[in-house]
Every structure is written in C-alpha cells, then in structure tokens.
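Colleague: Okay, handing you the structure first.
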Amino acid sequence: MSLRALCLSTICASSLLAGARGPVVSIAFADEVSPVQQKAKTASAPKAHPAATAKNDTAPPQADTRDADAGGHEDIVVTAARGNRMYVTSGGDLGALGNKKGLDVPFNIRSYNSSLILNQQSQTLGDVLLNDPTVRTTMGYGNYAQLFQIRGFTLYGDDVAIDGLYGVTPRQLVSPQLYDSVQVLNGASAFLNGAAPGGSAIGGNVNLIPKRAAAKDITRITGDYTSSGQGGGAFDISRRFGKDHAFGFRFNAAGMDGETPIKGERHDDVALGAAFDWHNDDTRINMNMNYQKQQVFGGRSAIIVSSLAAGMPAPRATAPSENWGQRWAYTDLAYLFGTLNIEHDFGSHITAYGKFGAQSGNEMGNYATTTLTNSHTGDGTVGAMADAYNVMNQATQAGVRAHVTTGPIKHEFNAGGSAIWEESDSAYAMALVPQAGNIYHPTQFTPDETFRGGSLGNPGRVAWNKLYSLFLSDTMTFWHDRIALTGGFRYQDILSDSFDYGTGKLNTHYDAAAFSPVIGLVIHPISNFSLYFNRIQGLSAGQTVGSTYVNAGQVFAPYQSTQYEVGAKYDVGRFAAGVAFFQTSMPQAMTEPYGNTGQMLYTQDGRQRNQGMELTFNGEIVRGLRFNGGLTLIDARQMHTTGGTYDGKTVIGIPNYTINGNLEYDVPFIKGLTLVGRVISTGKQQFNNANTAHLPAWSRFDLGARYTFLAARKPLTARFEVDNIGNQRYWASVYQSDLVMGDPETFKFSISADL
C-alpha cells in the first residue's frame with residue numbers, strides 16, 4: 001500500500017473513534033427519503049389500487065426517537081444495525097412514465113439502495129450489479145471499461161443513465177459511492193427512455209439516482225482496506241435547513257489507492273459529489289454536480305480470441321491473480337458531470353417537469369491488447385496503442401403528466417420530448433508490428449507506437465451525434481383500479497456524423513428516424529399480486545455501408561428489436577417475488593453474395609432471438625433472515641446467418657443460466673452481528689459461432705460479516721468480506737471476441753460511524 005493510501009486509511013479509521021462525547025442518541029444508518037423525493041414520487045404517480053399500496057415494511061427504518069436512557073444502549077445498536085440491512089425494492093424511474101412502484105407497471109424493474117453499496121464495499125458499478133441474477137459484467141475491447149449483459153444483450157457504459165438521462169454518466173468505470181440507488185430495468189426501453197446513444201440497451205438498462213439530502217441529518221465517515229494493498233475512505237454529510245426544511249444539501253467524497261489482488265495492477269480512484277435541492281408545496285428543484293477520476297496502472301485486460309483456428313477449444317484458465325498485461329499500460333479517466341431537475345404542479349392533476357444534464361470527459365491511456373493464437377500453449381501477440389478521447393455531452397428531457405377521469409376510467413397522460421448532443425474528440429498512436437506474448441508466461445517489452453491518427457496532445461473531432469424524440473402515452477385504469485392499460489409511442493430521430501482522424505473531413509453521415517410503440521397491461525386479481533404483459537421495442541442506429549461492398553454508401557433504417565413479455569409479481573413490502581417470460585428478436589448485419597460477381601452485399605437481414613425466464617426474490621424470509629437473488633434461463637439463437645451456416649446455433653458468450661443468491665442473518669444472541677453470504681453461478685457460454693467449444697459453467701462464493709457496536713457513545717459498523725472463497729480460477733465471460741478472467745480471492749475491511 002502506498003504512503004498516501006496508508007495515511008488516508010489511518011486518518012479515516014482514527015476519526016471514527018474520536019467523536020465528541022454527548023447525550024446518547026439513536027441513529028439510523030440508512031439514508032431516508034427526503035421530503036423533496038417523497039413529494040416527487042407522490043406527484044408523478046397515479047392513485048394506485050389498494051392492492052398495490054401496501055405499506056413497504058422493508059423500507060429503511062426511522063431513527064428511534066425514545067429517550068436513550070429509557071431504551072438503553074442496546075436500542076441504539078439495534079436501530080443502527082437495522083439501518084444497515086440489505087435493501088432491494090421493486091420499482092423505480094420508468095422514463096416517460098415517471099417513478100412507479102413495480103407492482104403497478106408492466107415492466108420488471110428493481111432498485112439497489114445505498115446501504116447495500118456501502119455494506120458490500122462496492123468500488124465499481126459492476127460490484128453492485130453482482131447482486132442481480134439477470135445481469136453479468138464483462139469488459140470492453142482493449143481497455144478496462146465495464147460492459148453489462150442483460151437478457152443476453154450488451155449494455156455499454158455509454159448507455160448507463162443518471163436521473164433518466166443518457167450521455168451524462170462516465171463512459172468506462174462508475175464510482176457507485178455517489179449514488180442513492182442503482183436501478184435495473186429488464187427489457188427493451190426505446191419508448192420509456194428513447195434510443196441509447198451508444199446503440200445498446202436492447203435487453204435492459206441501468207439508471208443511477210444521485211444521493212440527495214435525507215430527511216434526517218447525516219455525518220458519516222468510513223475507512224476501508226482491500227487486498228492486496230488498497231486503502232481509502234469516504235465522507236458523507238447531509239443537511240436540511242430553512243423553513244419547513246425546504247433547502248437540502250448533500251456532499252460525498254470517496255477515494256482509494258493501492259495495489260489490487262491482480263499482480264502488478266494498481267487502482268487510484270477519487271469521487272466527489274454535491275447535491276442541492278429546494279421545494280415548496282408546488283415546486284421541486286434538485287441539482288447535483290460530480291467529479292470522478294479513476295486510474296488503472298498495469299491492468300489486466302481482456303484477451304482477443306477471434307483469431308483462433310476453427311475448432312480450437314477455450315484456453316485453460318490461468319491463476320486468478322496472473323497478469324498478462326504490460327507494466328507500462330495505463331488508463332486515466334476524468335469526468336465532470338451533473339444534472340438539474342425541476343417539477344411544478346399546476347393544481348392536483350397536472351405536473352410539468354424538465355431535466356438537463358451534461359458531461360465533460362477526458363480519457364488518456366496506453367493499452368496493451370493480447371490476441372491469442374494458440375489456446376493449447378497460450379501463445380499470442382500483444383499490440384500497443386495510446387489513445388486520447390474527450391467527450392462533451394448534453395442531454396435534456398421535458399414533459400407534462402396529467403390525471404383525468406372520464407366516467408369509470410381514469411387516465412394518466414404523459415407527453416414530452418428529449419434530446420441528446422454528443423461530441424467526441426480523439427487521437428491515437430499504435431504499433432504496426434505486435435510483439436510475441438504468452439498468457440501463461442508473460443514477458444515485458446517497450447512499445448513502439450509510430451503509426452498515428454491525429455495529435456494526442458490536441459485530439460480532433462471524430463464524431464458528432466444528435467438524438468431527439470417526442471413521446472405520448474395514456475395509462476387507463478378501471479374496474480376499481482384493478483386493471484391498467486398503457487398505450488403510447490415515441491418518435492425518435494438519430495443523426496450521426498463521423499470525421500477523419502487526421503484531416504477532420506466528414507467521412508459518413510447518418511440521419512434516420514423511427515416510431516417505437518408500446519402496449520402494456522397490468523391486472524390485480526387479488527391484493528399485493530399482479531399479472532402483466534408488454535410489447536415494447538428497442539432501437540439503435542442502422543449502418544452506413546462501407547466502400548468494400550457493392551451497396552457502398554447505403555444508409556439503413558434504425559435497428560428495431562421487438563420484445564414480448566408476460567409475468568407475475570407479488571409484493572407485501574417485507575417480501576417481493578416476480579417471474580417473467582420474455583422473447584426478444586433483433587435484426588443483425590450480415591453479408592450475402594451478389595449474384596456471381598464475386599462481390600458481397602451488406603444487409604440487415606440477419607436475426608438473433610433471445611428467449612427465457614427470470615425469477616427474482618427479495619425481502620425477509622423469516623425474522624432476521626433476508627434474501628435477494630434469483631435465476632435467469634436464456635436460450636439465445638442465431639436465426640438467420642450468411643448462407644445459413646450458423647442458423648440455430650447459440651450466440652457466443654450468453655450463458656444458458658445465471659444464478660445469484662445473497663443471504664443476511666442477524667445472529668439473535670449477539671446484538672448487532674450479521675452474517676452475510678453470496679453465491680454467483682453462471683452456466684456454460686459458447687466460445688465460437690459454430691458451437692464447437694464453450695467456457696465451462698462456474699460458481700463463486702463470497703462470505704462476510706458486519707458488527708454494529710458503540711464507541712464514544714456513537715454506533716459504529718465494522719465489515720469484513722472475502723470474495724471468491726478458495727480463489728477459484730475461471731473464465732468469467734467471452735464477450736464477442738474478448739475473453740475475460742474472473743477476479744481472484746479478495747479481502748475487504750471497512751468501518752463506518754455516524755457522528
């Protein structure tokens with residue numbers, strides 16, 4: 001561990017024990033919903049059927065207001081321990097439809113809260129999503145960016161949203177300490193959120209909700225350590241003030257520095273976030289500004305396996321901590337970003353809202369990319385490329401939500417529009433001749449990056465994108481609010497220009513539009529239970545055909561995937577369960593012979609079809625025992641390929657099942673002690689299009705504990721966790737042509753106090 005990291009960790013840990021003495025008070029660790037957030041939720045949701053409005057007994061507990069002398073120290077410990085519980089809710093932000101409870105909508109959405117993020121000592125967004133049985137994390141081409149797979153389709157980091165806005169989130173790695181909840185929506189969302197600028201979000205998306213001022217004051221300090229030598233800490237302060245506590249302020253700071261369990265790899269992370277809000281009876285305003293900087297030195301990247309000879313098996317997994325990367329490789333990612341949200345009620349039936357977000361990002365890196373050529377010996381080549389990439393993005397959304405009653409039918413109308421502007425500046429320098437390498441016996445070399453595109457010191461514009469859309473929907477409820485029918489559409493236009501790296505000359509121009517309809521049905525046959533159906537589409541830009549094809553220059557319409565889903569949900573507050581059956585069909589690019597000319601025709605006639613089942617559970621099984629997790633089964637097929645060669649074959653890298661299970665158990669005879677455990681299991685993944693080789697199924701187990709106790713009359717919580725018990729070696733995923741190694745055994749320790 002570096003001197004800087006050691007000092008930071010020591011200072012944080014020392015500060016926890018130095019609280020001023022005073023009256024004993026009861027403190028809840030969980031962040032409580034602010035009046036602004038609660039008002040917004042009430043204003044944006046129609047009145048639900050009684051079956052859907054049961055009290056949420058698993059919500060973060062309120063602080064114990066009894067006199068400390070009457071309740072005793074034990075009450076303080078119990079209250080604080082309850083505030084640290086794993087908390088997953090059904091529901092969240094559904095874009096055009098607003099914030100909704102999961103039981104009332106025809107979509108599958110879950111939210112993971114900030115106490116879960118804190119207790120699991122999550123350092124990246126991928127760490128948080130380890131809790132979700134429908135999501136798997138992989139890596140991007142040649143760098144250390146996290147990508148996510150939902151229902152067998154990729155979600156790029158570019159397409160993760162903040163406050164429902166695309167284009168604002170840091171592209172490659174996300175620091176989760178800044179967010180109050182991480183929301184996962186399963187399924188296509190072109191109507192709900194518009195087309196994602198990166199062209200993904202076909203199988204689902206992720207939305208981040210920033211931390212904002214809570215109803216009660218928070219002053220929290222945390223010190224943490226992660227093997228093999230990472231130290232850091234975090235600070236979280238929340239205040240409300242003014243008449244009726246109308247003003248709110250929240251500040252978060254987190255940092256970590258040191259060597260990871262992967263040999264020779266080092267991470268240095270800093271995240272800062274400030275949030276402000278104000279409300280009165282009719283208006284709610286909140287704004288957040290964030291800064292994030294993540295650095296990786298000597299990192300282990302994915303392995304490219306597309307050049308392997310046909311029929312070659314997957315390589316034997318290396319030792320979990322092995323690093324085939326180069327010591328000179330690094331990435332430096334810095335982002336400044338934020339959002340502004342405004343809502344105003346015109347009476348009790350109409351709400352107007354507007355959102356605005358922006359991001360300025362600067363990325364620098366020098367990457368060593370290993371290409372495997374022999375899976376038996378581990379031989380391959382290692383390429384080198386330096387890259388500079390800057391982004392300047394803006395996003396906005398505005399709309400009106402109105403509640404109208406016509407006879408026995410209640411209507412919720414949603415109308416509005418959104419727009420995204422993105423400019424990317426980039427330059428690169430790369431080695432023309434790769435070096436020999438071996439993943440089992442890696443060697444170091446000095447890169448010779450002589451081939452250049454643009455200036456690394458002054459990157460030029462390489463892409464400019466604009467996406468704008470208009471949406472309209474009507475949700476009708478009738479039969480005493482037991483049935484809700486939603487219908488609507490979004491008109492989306494996608495404009496994209498690419499420019500030459502050296503000259504800045506326009507290379508390609510793309511401008512196309514599409515309508516994305518939606519229909520959804522929810523039926524509440526009994527209290528706390530619903531059946532639902534939806535038909536919704538995903539949308540991403542089509543292709544502009546390159547010069548090597550006979551139809552060069554042709555601009556295709558946007559890809560439109562179509563999803564059908566039926567399911568059921570049960571939610572009594574303390575416990576929730578859901579089951580969903582889905583099918584998504586998506587066009588794909590493919591090539592076909594053009595007669596007998598020897599030329600090839602580029603088309604969008606290919607097709608991939610994913611179908612499967614999702615089963616999710618969360619909540620308290622019996623008193624003191626909580627569970628979150630579930631099972632996903634996926635059958636992903638190539639339905640139409642060139643010449644029919646791979647028709648019916650399983651798509652590369654999509655596991656046939658994924659299982660996650662998280663358990664928490666409050667030990668009854670030791671107040672404040674909670675044991676935690678997690679299992680992550682992933683089925684086999686096909687290694688090539690022909691399905692002649694596959695990655696074997698793998699399972700990983702994590703164990704830990706946390707203990708809440710008193711020091712200097714303040715409740716403290718200490719946490720200890722071991723990920724990948726037994727140091728299992730496995731290939732975690734094979735995304736397209738990139739093979740990703742599983743993480744090694746990792747030890748985590750942290751201690752937090754509310755002062």
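In the structure tokens, chains take the letters A, B, ... in the order shown, each chain's residues start at 1, and ligands count up from 1 in the order shown.
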Excluding stretch 685-687 of chain A and its own-chain neighbours fewer than 5 positions away, which residues fall within 10 Å of it when counting only C-alpha atoms? Please give them as a PyMOL selection string.
Modeller: chain A and resi 305-306+311-314+649-657+692-697+731-739
Colleague: Those selected residues, please, written with N, CA, C and O atoms and delivered as a compact mmCIF listing (two decimals), in the first residue's frame.
Modeller:
# COMPACT_ATOMS: atom_id res chain seq x y z
N VAL A 305 -9.82 -13.45 -28.85
CA VAL A 305 -9.71 -14.86 -29.25
C VAL A 305 -10.26 -15.10 -30.65
O VAL A 305 -10.36 -16.25 -31.09
N SER A 306 -10.60 -14.04 -31.38
CA SER A 306 -11.23 -14.21 -32.69
C SER A 306 -10.29 -14.81 -33.72
O SER A 306 -10.74 -15.36 -34.73
N GLY A 311 -12.36 -24.65 -34.50
CA GLY A 311 -12.33 -25.91 -33.76
C GLY A 311 -11.45 -25.89 -32.53
O GLY A 311 -11.47 -26.86 -31.76
N MET A 312 -10.65 -24.83 -32.33
CA MET A 312 -9.79 -24.78 -31.15
C MET A 312 -10.63 -24.57 -29.90
O MET A 312 -11.58 -23.79 -29.90
N PRO A 313 -10.30 -25.25 -28.81
CA PRO A 313 -11.07 -25.10 -27.57
C PRO A 313 -10.70 -23.80 -26.86
O PRO A 313 -9.75 -23.11 -27.21
N ALA A 314 -11.47 -23.51 -25.82
CA ALA A 314 -11.13 -22.38 -24.97
C ALA A 314 -9.85 -22.70 -24.21
O ALA A 314 -9.59 -23.85 -23.87
N LYS A 649 -27.68 -22.03 -34.07
CA LYS A 649 -26.60 -22.15 -33.10
C LYS A 649 -26.76 -21.09 -32.00
O LYS A 649 -27.32 -20.02 -32.21
N THR A 650 -26.23 -21.41 -30.81
CA THR A 650 -26.28 -20.49 -29.68
C THR A 650 -25.33 -19.32 -29.90
O THR A 650 -24.22 -19.49 -30.41
N VAL A 651 -25.75 -18.14 -29.50
CA VAL A 651 -24.94 -16.93 -29.64
C VAL A 651 -23.74 -16.99 -28.70
O VAL A 651 -23.84 -17.46 -27.56
N ILE A 652 -22.59 -16.53 -29.17
CA ILE A 652 -21.37 -16.53 -28.36
C ILE A 652 -21.57 -15.75 -27.06
O ILE A 652 -22.15 -14.66 -27.04
N GLY A 653 -21.06 -16.33 -25.96
CA GLY A 653 -20.93 -15.59 -24.71
C GLY A 653 -22.19 -15.36 -23.92
O GLY A 653 -22.17 -14.60 -22.95
N ILE A 654 -23.30 -16.01 -24.27
CA ILE A 654 -24.53 -15.84 -23.50
C ILE A 654 -24.77 -17.11 -22.69
O ILE A 654 -25.05 -18.17 -23.26
N PRO A 655 -24.63 -17.05 -21.38
CA PRO A 655 -24.79 -18.27 -20.56
C PRO A 655 -26.22 -18.79 -20.61
O PRO A 655 -27.18 -18.01 -20.71
N ASN A 656 -26.36 -20.11 -20.53
CA ASN A 656 -27.70 -20.68 -20.57
C ASN A 656 -28.45 -20.51 -19.25
O ASN A 656 -29.67 -20.61 -19.21
N TYR A 657 -27.73 -20.19 -18.17
CA TYR A 657 -28.39 -19.82 -16.93
C TYR A 657 -27.48 -18.92 -16.10
O TYR A 657 -26.24 -18.96 -16.23
N THR A 692 -18.52 -25.25 -31.34
CA THR A 692 -17.65 -26.42 -31.19
C THR A 692 -16.82 -26.37 -29.91
O THR A 692 -16.12 -27.33 -29.60
N ALA A 693 -16.87 -25.26 -29.19
CA ALA A 693 -16.16 -25.13 -27.91
C ALA A 693 -16.94 -24.16 -27.03
O ALA A 693 -17.65 -23.28 -27.52
N HIS A 694 -16.79 -24.33 -25.72
CA HIS A 694 -17.51 -23.46 -24.81
C HIS A 694 -16.72 -23.25 -23.53
O HIS A 694 -15.81 -24.03 -23.21
N LEU A 695 -17.04 -22.18 -22.81
CA LEU A 695 -16.50 -21.98 -21.47
C LEU A 695 -17.32 -22.81 -20.50
O LEU A 695 -18.55 -22.82 -20.56
N PRO A 696 -16.68 -23.51 -19.57
CA PRO A 696 -17.46 -24.30 -18.61
C PRO A 696 -18.21 -23.41 -17.64
O PRO A 696 -17.87 -22.24 -17.42
N ALA A 697 -19.26 -23.96 -17.05
CA ALA A 697 -20.00 -23.25 -16.01
C ALA A 697 -19.09 -22.98 -14.82
O ALA A 697 -18.14 -23.74 -14.56
N TRP A 731 -12.82 -18.57 -16.31
CA TRP A 731 -13.09 -17.51 -17.27
C TRP A 731 -14.49 -17.00 -17.00
O TRP A 731 -15.46 -17.76 -17.07
N ALA A 732 -14.62 -15.72 -16.71
CA ALA A 732 -15.93 -15.18 -16.34
C ALA A 732 -16.84 -15.03 -17.54
O ALA A 732 -18.04 -15.27 -17.45
N SER A 733 -16.30 -14.62 -18.69
CA SER A 733 -17.15 -14.38 -19.85
C SER A 733 -16.31 -14.37 -21.12
O SER A 733 -15.09 -14.20 -21.09
N VAL A 734 -16.99 -14.57 -22.25
CA VAL A 734 -16.37 -14.37 -23.56
C VAL A 734 -17.33 -13.47 -24.34
O VAL A 734 -18.26 -13.94 -24.99
N TYR A 735 -17.11 -12.17 -24.20
CA TYR A 735 -17.96 -11.18 -24.86
C TYR A 735 -17.49 -10.99 -26.30
O TYR A 735 -16.37 -10.52 -26.53
N GLN A 736 -18.35 -11.38 -27.28
CA GLN A 736 -17.98 -11.32 -28.69
C GLN A 736 -16.64 -12.02 -28.88
O GLN A 736 -16.57 -13.23 -28.84
N SER A 737 -15.54 -11.29 -29.05
CA SER A 737 -14.24 -11.95 -29.24
C SER A 737 -13.30 -11.70 -28.07
O SER A 737 -12.10 -11.92 -28.17
N ASP A 738 -13.84 -11.23 -26.94
CA ASP A 738 -12.99 -10.87 -25.80
C ASP A 738 -13.22 -11.83 -24.64
O ASP A 738 -14.34 -11.96 -24.13
N LEU A 739 -12.15 -12.46 -24.18
CA LEU A 739 -12.19 -13.44 -23.10
C LEU A 739 -11.76 -12.75 -21.80
O LEU A 739 -10.69 -12.15 -21.74
Colleague: Pick from A:Asn143, A:Thr616, A:Gln611, A:Thr406: nearest to A:Ile109, with only C-alpha atoms counted?
Modeller: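 Going through A:Asn143, A:Thr616, A:Gln611, A:Thr406 one by one, the smallest distance to A:Ile109 is for A:Thr616.
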Colleague: Please report as JSON lines every residue of stretch 495-531 of chain A lying within 7 Å of stretch 438-460 of chain A, along with the nearest atom pair and their distance in Å (one decimal), using only C-alpha atoms.
Modeller:
{"residue": "A:Tyr501", "atom": "CA", "partner": "A:Gly454", "partner_atom": "CA", "distance": 5.2}
{"residue": "A:Gly502", "atom": "CA", "partner": "A:Gly454", "partner_atom": "CA", "distance": 4.7}
{"residue": "A:Gly504", "atom": "CA", "partner": "A:Gly460", "partner_atom": "CA", "distance": 6.8}
Colleague: Which of stretch 121-311 of chain A counts as helix (DSSP H, G or I) under DSSP, as a list in words please?
Modeller: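 Helix (DSSP H, G or I) members of stretch 121-311 of chain A, listed: Leu125, Gly126, Asp127, Val128, Leu129, Leu130, Asn131, Gly157, Asp158, Asp159, Pro176, Gln177, Leu178, Ala190, Phe191, Leu192, Asn193, Lys243, Asp244 and His245 of chain A.
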Colleague: Output C-alpha atoms for every residue in that selection, as a short mmCIF file (atom, residue, chain, number, x, y, z; two decimals), in the first residue's frame.
Modeller:
data_model
loop_
_atom_site.label_atom_id
_atom_site.label_comp_id
_atom_site.auth_asym_id
_atom_site.auth_seq_id
_atom_site.Cartn_x
_atom_site.Cartn_y
_atom_site.Cartn_z
CA LEU A 125 -20.89 -0.31 -10.76
CA GLY A 126 -20.07 -3.90 -11.69
CA ASP A 127 -19.61 -4.71 -7.98
CA VAL A 128 -23.16 -3.51 -7.26
CA LEU A 129 -24.63 -5.50 -10.14
CA LEU A 130 -23.08 -8.70 -8.77
CA ASN A 131 -26.27 -8.81 -6.70
CA GLY A 157 -21.13 2.07 -20.21
CA ASP A 158 -22.04 4.96 -22.55
CA ASP A 159 -25.68 3.94 -22.20
CA PRO A 176 -21.04 3.86 -7.01
CA GLN A 177 -20.39 5.76 -3.76
CA LEU A 178 -22.12 8.84 -5.25
CA ALA A 190 -36.99 2.66 -26.62
CA PHE A 191 -40.36 4.14 -25.64
CA LEU A 192 -39.52 4.66 -21.98
CA ASN A 193 -36.08 6.26 -22.35
CA LYS A 243 -38.50 26.96 6.84
CA ASP A 244 -40.12 23.52 6.60
CA HIS A 245 -36.65 22.18 5.79
#
Colleague: In Å to one decimal, how far is atom CA of A:Gly298 from atom CA of A:Gln326?
Modeller: 5.7 Å
Colleague: Any idea what's packed within 9 Å of A:Ile494, counting only C-alpha atoms, ignoring anything in its chain fewer than 3 positions away? Could you give it as a PyMOL selection string?
Modeller: chain A and resi 195+197+465-469+510-514+540-541+558
Colleague: With C-alpha atoms retained, write the just-selected residues as a PDB file, in the first residue's frame.
Modeller:
ATOM      1  CA  ALA A 195     -32.726   5.259 -28.128  1.00  0.00           C
ATOM      2  CA  PRO A 197     -26.698   6.953 -27.869  1.00  0.00           C
ATOM      3  CA  ASN A 465     -24.275  12.706 -32.663  1.00  0.00           C
ATOM      4  CA  LYS A 466     -27.721  14.151 -32.061  1.00  0.00           C
ATOM      5  CA  LEU A 467     -30.747  12.180 -30.914  1.00  0.00           C
ATOM      6  CA  TYR A 468     -34.114  13.789 -30.352  1.00  0.00           C
ATOM      7  CA  SER A 469     -37.540  12.312 -29.714  1.00  0.00           C
ATOM      8  CA  TYR A 510     -26.338   9.122 -40.920  1.00  0.00           C
ATOM      9  CA  ASP A 511     -29.841  10.536 -40.426  1.00  0.00           C
ATOM     10  CA  ALA A 512     -32.834   8.236 -39.922  1.00  0.00           C
ATOM     11  CA  ALA A 513     -35.966   8.090 -37.804  1.00  0.00           C
ATOM     12  CA  ALA A 514     -38.390   5.500 -36.445  1.00  0.00           C
ATOM     13  CA  SER A 540     -30.356   1.618 -32.271  1.00  0.00           C
ATOM     14  CA  ALA A 541     -28.845   3.296 -35.304  1.00  0.00           C
ATOM     15  CA  PRO A 558     -32.530   2.068 -37.296  1.00  0.00           C
TER      16      PRO A 558
END
Colleague: DSSP on the backbone: what in stretch 91-287 of chain A comes out strand (DSSP E or B), as a ChimeraX atom specification?
Modeller: /A:91-93,99-101,108-113,135-139,146-150,153-155,161-162,165,179-186,204-210,218-226,229-241,247-259,266-279,283-287
Colleague: Counting only C-alpha atoms, which of A:Gly553, A:Pro133, A:Gly194, A:Gly416 gets nearest to A:Ala402?
Modeller: A:Gly416
